[in-house]
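File shown here: final14.cif, holding mmCIF, C-alpha atoms.
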```
data_data
#
loop_
_atom_site.group_PDB
_atom_site.id
_atom_site.type_symbol
_atom_site.label_atom_id
_atom_site.label_comp_id
_atom_site.auth_asym_id
_atom_site.auth_seq_id
_atom_site.Cartn_x
_atom_site.Cartn_y
_atom_site.Cartn_z
ATOM 1 C CA MET A 1 19.084 -40.958 42.210
ATOM 2 C CA ALA A 2 17.022 -38.878 44.666
ATOM 3 C CA SER A 3 18.084 -38.855 48.300
ATOM 4 C CA SER A 4 15.741 -40.026 51.038
ATOM 5 C CA ASN A 5 14.056 -37.410 53.210
ATOM 6 C CA LYS A 6 13.916 -39.654 56.278
ATOM 7 C CA ASP A 7 14.835 -37.803 59.462
ATOM 8 C CA LYS A 8 17.558 -39.917 61.092
ATOM 9 C CA SER A 9 17.740 -37.562 64.101
ATOM 10 C CA LYS A 10 14.628 -39.008 65.781
ATOM 11 C CA PRO A 11 15.815 -42.030 67.792
ATOM 12 C CA ASN A 12 12.310 -43.080 68.927
ATOM 13 C CA GLN A 13 11.047 -43.561 65.387
ATOM 14 C CA ARG A 14 11.611 -47.093 64.144
ATOM 15 C CA SER A 15 11.741 -47.995 60.521
ATOM 16 C CA SER A 16 9.902 -51.045 59.304
ATOM 17 C CA ASP A 17 12.907 -51.828 57.105
ATOM 18 C CA PRO A 18 14.424 -54.979 58.657
ATOM 19 C CA LYS A 19 17.819 -54.199 57.109
ATOM 20 C CA GLU A 20 18.176 -50.827 58.830
ATOM 21 C CA ALA A 21 21.309 -50.770 60.993
ATOM 22 C CA GLY A 22 20.473 -51.365 64.634
ATOM 23 C CA ARG A 23 16.824 -52.149 63.882
ATOM 24 C CA PHE A 24 16.839 -55.085 66.296
ATOM 25 C CA ALA A 25 19.419 -53.794 68.784
ATOM 26 C CA TYR A 26 16.779 -52.964 71.441
ATOM 27 C CA GLU A 27 19.041 -50.537 73.248
ATOM 28 C CA GLY A 28 16.242 -49.763 75.737
ATOM 29 C CA LEU A 29 16.713 -53.178 77.363
ATOM 30 C CA GLU A 30 18.718 -52.657 80.532
ATOM 31 C CA ARG A 31 20.881 -55.577 81.604
ATOM 32 C CA LEU A 32 20.238 -54.649 85.245
ATOM 33 C CA LEU A 33 16.509 -55.292 84.812
ATOM 34 C CA HIS A 34 16.775 -58.367 82.653
ATOM 35 C CA GLU A 35 17.717 -60.613 85.585
ATOM 36 C CA ARG A 36 14.690 -62.716 86.653
ATOM 37 C CA SER A 37 14.688 -61.779 90.349
ATOM 38 C CA ARG A 38 14.974 -58.042 89.691
ATOM 39 C CA LEU A 39 12.345 -58.179 86.949
ATOM 40 C CA SER A 40 10.047 -59.988 89.393
ATOM 41 C CA ILE A 41 10.640 -57.394 92.129
ATOM 42 C CA LEU A 42 10.053 -54.446 89.805
ATOM 43 C CA SER A 43 6.918 -56.025 88.319
ATOM 44 C CA SER A 44 5.513 -56.628 91.807
ATOM 45 C CA LEU A 45 6.267 -53.081 92.892
ATOM 46 C CA ALA A 46 4.810 -51.644 89.671
ATOM 47 C CA ALA A 47 1.576 -53.520 90.405
ATOM 48 C CA HIS A 48 1.544 -52.090 93.949
ATOM 49 C CA PRO A 49 2.300 -48.350 93.651
ATOM 50 C CA GLN A 50 1.913 -47.840 97.418
ATOM 51 C CA GLY A 51 4.808 -50.267 97.927
ATOM 52 C CA LEU A 52 5.143 -53.661 99.578
ATOM 53 C CA VAL A 53 6.571 -54.812 102.863
ATOM 54 C CA PHE A 54 9.562 -57.104 102.601
ATOM 55 C CA ASN A 55 7.743 -60.350 103.484
ATOM 56 C CA ASP A 56 4.937 -59.718 100.976
ATOM 57 C CA LEU A 57 7.486 -58.956 98.266
ATOM 58 C CA LYS A 58 9.457 -62.074 99.211
ATOM 59 C CA MET A 59 6.322 -64.220 98.883
ATOM 60 C CA LEU A 60 5.213 -62.665 95.564
ATOM 61 C CA CYS A 61 8.657 -63.120 94.017
ATOM 62 C CA ALA A 62 9.406 -66.529 95.584
ATOM 63 C CA LEU A 63 12.806 -65.369 96.809
ATOM 64 C CA THR A 64 14.795 -66.064 99.957
ATOM 65 C CA ASP A 65 15.435 -63.325 102.519
ATOM 66 C CA GLY A 66 19.075 -63.029 101.448
ATOM 67 C CA ASN A 67 18.401 -62.998 97.722
ATOM 68 C CA LEU A 68 15.610 -60.432 98.016
ATOM 69 C CA SER A 69 17.717 -58.261 100.286
ATOM 70 C CA ARG A 70 20.640 -58.288 97.830
ATOM 71 C CA GLN A 71 18.445 -57.601 94.787
ATOM 72 C CA ILE A 72 16.734 -54.702 96.582
ATOM 73 C CA GLN A 73 20.155 -53.290 97.443
ATOM 74 C CA ILE A 74 21.190 -53.441 93.772
ATOM 75 C CA LEU A 75 17.944 -51.770 92.660
ATOM 76 C CA GLN A 76 18.257 -49.132 95.383
ATOM 77 C CA GLU A 77 21.822 -48.293 94.329
ATOM 78 C CA ALA A 78 20.558 -47.891 90.742
ATOM 79 C CA GLU A 79 17.797 -45.590 92.099
ATOM 80 C CA PHE A 80 14.946 -47.844 90.941
ATOM 81 C CA VAL A 81 13.508 -48.430 94.402
ATOM 82 C CA GLU A 82 13.102 -46.575 97.667
ATOM 83 C CA VAL A 83 13.370 -48.415 100.970
ATOM 84 C CA TRP A 84 12.045 -47.410 104.384
ATOM 85 C CA LYS A 85 12.891 -49.301 107.540
ATOM 86 C CA GLY A 86 10.743 -48.947 110.616
ATOM 87 C CA VAL A 87 8.919 -50.768 113.372
ATOM 88 C CA HIS A 88 5.307 -51.958 113.284
ATOM 89 C CA LYS A 89 3.784 -53.661 116.357
ATOM 90 C CA ASN A 90 7.248 -53.922 117.916
ATOM 91 C CA ARG A 91 8.613 -55.762 114.869
ATOM 92 C CA PRO A 92 11.099 -54.397 112.344
ATOM 93 C CA GLN A 93 9.546 -53.818 108.964
ATOM 94 C CA THR A 94 10.963 -52.836 105.580
ATOM 95 C CA LEU A 95 8.789 -51.123 102.966
ATOM 96 C CA CYS A 96 9.891 -51.022 99.328
ATOM 97 C CA ARG A 97 8.415 -49.106 96.427
ATOM 98 C CA LEU A 98 9.418 -47.915 92.992
ATOM 99 C CA SER A 99 10.943 -44.459 92.951
ATOM 100 C CA GLU A 100 9.401 -41.964 90.547
ATOM 101 C CA SER A 101 12.366 -42.230 88.189
ATOM 102 C CA GLY A 102 12.450 -46.015 88.676
ATOM 103 C CA ARG A 103 8.812 -46.331 87.614
ATOM 104 C CA LYS A 104 9.490 -44.230 84.508
ATOM 105 C CA ARG A 105 12.580 -46.261 83.571
ATOM 106 C CA PHE A 106 10.790 -49.558 84.217
ATOM 107 C CA LEU A 107 7.855 -48.558 81.995
ATOM 108 C CA GLU A 108 10.317 -47.573 79.250
ATOM 109 C CA TYR A 109 11.940 -50.993 79.638
ATOM 110 C CA ILE A 110 8.543 -52.726 79.372
ATOM 111 C CA ALA A 111 7.752 -50.690 76.233
ATOM 112 C CA GLU A 112 11.024 -51.929 74.716
ATOM 113 C CA LEU A 113 10.091 -55.536 75.596
ATOM 114 C CA GLU A 114 6.737 -54.960 73.914
ATOM 115 C CA ARG A 115 8.600 -53.861 70.757
ATOM 116 C CA VAL A 116 10.587 -57.111 70.845
ATOM 117 C CA VAL A 117 7.392 -59.158 71.134
ATOM 118 C CA SER A 118 5.691 -57.089 68.453
ATOM 119 C CA ASP A 119 8.591 -57.559 66.040
ATOM 120 C CA VAL A 120 8.593 -61.310 66.571
ATOM 121 C CA ALA A 121 4.805 -61.582 66.340
ATOM 122 C CA GLY A 122 4.772 -59.517 63.166
ATOM 123 C CA ALA A 123 7.420 -61.703 61.591
ATOM 124 C CA HIS A 124 5.549 -64.836 62.698
ATOM 125 C CA ALA A 125 2.284 -63.576 61.227
ATOM 126 C CA LYS A 126 3.971 -62.685 57.925
ATOM 127 C CA THR A 127 5.662 -66.062 57.539
ATOM 128 C CA SER A 128 2.931 -68.347 58.850
ATOM 129 C CA GLY A 129 -0.178 -66.423 57.881
ATOM 130 C CA GLU A 130 -1.584 -66.975 61.373
ATOM 131 C CA VAL A 131 -1.926 -64.715 64.375
ATOM 132 C CA ALA A 132 -0.149 -65.702 67.582
ATOM 133 C CA ALA A 133 -2.391 -66.947 70.400
ATOM 134 C CA SER A 134 -1.690 -64.121 72.848
ATOM 135 C CA PRO A 135 -4.505 -61.529 73.089
ATOM 136 C CA LEU A 136 -1.882 -58.797 73.432
ATOM 137 C CA LEU A 137 -0.163 -59.965 70.264
ATOM 138 C CA LYS A 138 -3.497 -60.121 68.427
ATOM 139 C CA LYS A 139 -4.169 -56.531 69.527
ATOM 140 C CA TRP A 140 -0.753 -55.407 68.261
ATOM 141 C CA LEU A 141 -1.200 -57.171 64.974
ATOM 142 C CA ALA A 142 -4.681 -55.662 64.522
ATOM 143 C CA THR A 143 -3.359 -52.096 64.720
#
```

I need this file expressed as structure tokens, please.
Amino acid sequence: MASSNKDKSKPNQRSSDPKEAGRFAYEGLERLLHERSRLSILSSLAAHPQGLVFNDLKMLCALTDGNLSRQIQILQEAEFVEVWKGVHKNRPQTLCRLSESGRKRFLEYIAELERVVSDVAGAHAKTSGEVAASPLLKKWLAT
């Protein structure tokens, strides 16, 4: 029996073999980011590269002052966000934005989520013979 020439040393290459060990492990999903509030904060900041002031971020994420403050602290400790405190028109103001490394890590996380969705959509299309309704899923399935 001939041995396979697959290069197992390339971790970013995914086999289409569903029985490959770890195929659906999705190790790029970070537990820290998977929490709804933190995912909301990071998504908002990714959509606003210049950053957001605290009150705008609070409104976009529908969080309380205390919850947003705590989640920002957690993300800052993990070096996902940068925070600047200052005064604007005699009022204290906090500006938050994704750090350079935080943006890179968040985009890697989103790419991993896209792989999850792609795997599920591909399996759905194979078993049902229909394409999922999402335009993004249709695009993935078309490639």

Within 9 Å of Ile41 of chain A using only C-alpha atoms, minus same-chain residues under 6 positions, as a PyMOL selection string | chain A and resi 57-58+60-61+68+71-72

Can you give me, as a PyMOL selection string, the residues this file yields under the PyMOL selection byres ((chain A and resi 46-56) around 6)?
-> chain A and resi 42-45+57-59+94-97

Evaluate the PyMOL selection byres ((chain A and resi 29-33) around 10) and record the selected residues as a ChimeraX atom specification, following the chain and residue labels used in the document.
-> /A:25-28,34-42,74-75,78,80,105-106,108-113,116

Report the distance between atom CA of Gly102 of chain A and atom CA of Glu77 of chain A in Å, rounded to one decimal place.
->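 Rounded to one decimal, the two atoms are 11.2 Å apart.
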
Atom pair atom CA of Glu82 of chain A / atom CA of Ser99 of chain A: separation (Å) |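 Separation between atom CA of Glu82 of chain A and atom CA of Ser99 of chain A: 5.6 Å.
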